[in-house]
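The structure appears right after this line, and notes come after that.
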Amino acid sequence: MTVNDTSTMAMFPLGMVLMPTMVVPIHVFEPRYRQMARDCMDGAREFGVVLIERGSEVGGGDIRSAAGTAAGIISAQEFPDGRWGLVAGGTRRIRVSRWLEDDPYPRAEVQDWPDAADGGDDGEEIAAKLPPVIAMWRRVLALQSELGAPGPPATFEVSDDPAIAIWQLAALSPSGPLDRQKLLTAENPARRLSLLYEFLADAEELIQARIEMG
């Protein structure tokens with residue numbers, strides 16, 4: 001599918017933001033999403049994930065973001081009672097052109113949404129700005145560990161590709177869903193890296209203050 005092409009995709013609104021490169025386990029128990037899992041396994045083995053801005057993951061009636069991520073199914077297991085256990089990985093950004101009827105499950109017409117080709121720093125400038133952000137990210141993860149909070153190890157090895165590395169940092173940083181949505185929808189890697197620096201600086205200051213307070 002090219003950038004301007006539109007396709008119909010099964011959608012899974014969640015209370016979290018899925019980033020490209022991010023891998024998540026998903027427990028599927030609602031009947032409508034059980035059907036979605038079966039259809040996806042019989043088809044392209046992918047669905048879209050968007051953030052629920054208001055409302056609940058269960059029961060419908062939610063307000064959904066218009067930007068999200070295509071998720072490829074890495075592994076799937078259907079249990080005897082009809083529930084599914086999925087492991088899915090974010091592959092690329094998508095934008096919702098139009099929501100369709102939730103029948104039998106949420107679906108939408110979507111377009112691929114690659115990062116803007118113009119604007120922001122070039123590749124060499126981004127690569128030069130990346131190491132200090134990675135260093136800050138490692139400090140934040142180490143401070144989190146000192147507090148006993150869950151999270152990836154500070155020794156996690158990020159990609160040598162700056163664009164992929166920025167996605168990894170965005171996926172593994174301690175941010176709330178609204179901040180993560182800002183990272184997902186940033187127009188280019190340079191803007192995403194700038195936002196990461198701001199969010200990580202705030203997180204480092206907050207966690208450090210909590211440690212000092214005991």
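Naming scheme: A, B, ... for chains in displayed order of the structure tokens; residues 1 onward per chain; ligands 1 onward as shown.
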Expected answer as a list of chain:residue names: strand (DSSP E) residues in stretch 14-59 of chain A: A:Leu14, A:Val23, A:Val24, A:Pro25, A:Ile26, A:His27, A:Val28, A:Glu46, A:Phe47, A:Gly48, A:Val49, A:Val50, A:Leu51, A:Ile52, A:Glu53, A:Arg54
Can you pull out the residues contacting A:Pro131? Cut-off 12 Å, using only C-alpha atoms, and skip same-chain residues under 5 positions away; I want them as a PDB file with N, CA and C atoms, in the first residue's frame.
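That gives us part.pdb:
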```pdb
ATOM      1  N   GLU A 125      22.744  15.089  11.547  1.00  0.00           N
ATOM      2  CA  GLU A 125      22.464  15.924  12.716  1.00  0.00           C
ATOM      3  C   GLU A 125      21.688  15.146  13.767  1.00  0.00           C
ATOM      4  N   ILE A 126      20.731  14.324  13.327  1.00  0.00           N
ATOM      5  CA  ILE A 126      19.970  13.505  14.266  1.00  0.00           C
ATOM      6  C   ILE A 126      20.892  12.497  14.953  1.00  0.00           C
ATOM      7  N   MET A 136      20.631   9.911  28.694  1.00  0.00           N
ATOM      8  CA  MET A 136      19.602  10.329  29.652  1.00  0.00           C
ATOM      9  C   MET A 136      18.588   9.217  29.863  1.00  0.00           C
ATOM     10  N   TRP A 137      18.187   8.557  28.789  1.00  0.00           N
ATOM     11  CA  TRP A 137      17.241   7.446  28.861  1.00  0.00           C
ATOM     12  C   TRP A 137      17.784   6.334  29.763  1.00  0.00           C
ATOM     13  N   ARG A 138      19.071   6.021  29.639  1.00  0.00           N
ATOM     14  CA  ARG A 138      19.672   4.983  30.488  1.00  0.00           C
ATOM     15  C   ARG A 138      19.679   5.422  31.955  1.00  0.00           C
ATOM     16  N   VAL A 158      20.039  -0.373  21.847  1.00  0.00           N
ATOM     17  CA  VAL A 158      19.185   0.216  20.822  1.00  0.00           C
ATOM     18  C   VAL A 158      19.814   0.030  19.445  1.00  0.00           C
ATOM     19  N   SER A 159      19.010   0.214  18.429  1.00  0.00           N
ATOM     20  CA  SER A 159      19.453   0.002  17.054  1.00  0.00           C
ATOM     21  C   SER A 159      20.519   1.023  16.649  1.00  0.00           C
ATOM     22  N   ASP A 160      21.348   0.629  15.690  1.00  0.00           N
ATOM     23  CA  ASP A 160      22.319   1.556  15.105  1.00  0.00           C
ATOM     24  C   ASP A 160      21.663   2.521  14.125  1.00  0.00           C
ATOM     25  N   PRO A 162      19.386   5.445  13.494  1.00  0.00           N
ATOM     26  CA  PRO A 162      18.825   6.484  14.374  1.00  0.00           C
ATOM     27  C   PRO A 162      17.310   6.534  14.391  1.00  0.00           C
ATOM     28  N   ALA A 165      16.126   3.649  16.412  1.00  0.00           N
ATOM     29  CA  ALA A 165      16.517   3.867  17.810  1.00  0.00           C
ATOM     30  C   ALA A 165      15.573   4.848  18.492  1.00  0.00           C
ATOM     31  N   ILE A 166      15.162   5.892  17.785  1.00  0.00           N
ATOM     32  CA  ILE A 166      14.244   6.879  18.376  1.00  0.00           C
ATOM     33  C   ILE A 166      12.906   6.226  18.674  1.00  0.00           C
ATOM     34  N   LEU A 169      13.375   4.177  21.850  1.00  0.00           N
ATOM     35  CA  LEU A 169      13.394   5.021  23.044  1.00  0.00           C
ATOM     36  C   LEU A 169      11.986   5.491  23.389  1.00  0.00           C
ATOM     37  N   LEU A 193      12.673  13.267  18.594  1.00  0.00           N
ATOM     38  CA  LEU A 193      13.841  13.257  19.479  1.00  0.00           C
ATOM     39  C   LEU A 193      13.805  14.437  20.442  1.00  0.00           C
ATOM     40  N   TYR A 197      13.614  14.202  24.567  1.00  0.00           N
ATOM     41  CA  TYR A 197      14.528  14.896  25.483  1.00  0.00           C
ATOM     42  C   TYR A 197      13.732  15.614  26.579  1.00  0.00           C
TER      43      TYR A 197
END
```
Expected answer as a PyMOL selection string: alpha helix (DSSP H) residues in chain A: chain A and resi 31-42+123-147+162-172+177-185+189-213
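Picture a line from atom CA of A:Pro114 to atom CA of A:Gly43; it runs 23.6 Å.
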A:Asp122, A:Pro106, A:Phe199, A:Pro189 ranked by distance to A:Ser175, top pick (using only C-alpha atoms): A:Phe199
Two-atom distance - atom CA of A:Asn188, atom CA of A:Glu205 (Å): 26.3 Å
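Candidate residues A:Asp103, A:Asp42, A:Asp115, A:Glu124 were compared for distance to A:Arg191, and the nearest is A:Asp115, using only C-alpha atoms.
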Surrounding residues of stretch 22-31 of chain A excluding itself and chain neighbours under 2 positions, 7 Å, only C-alpha atoms, as an MDAnalysis selection string: chainID A and resid 18:20 33:35 83:90 171
Atom CA of A:Glu187 to atom CA of A:Glu101, distance in Å rounded to a single decimal: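 Between atom CA of A:Glu187 and atom CA of A:Glu101 the gap works out to 29.4 Å.
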Within 6 Å of A:Leu183 using only C-alpha atoms, minus same-chain residues under 3 positions, as a PyMOL selection string: chain A and resi 180+186+192
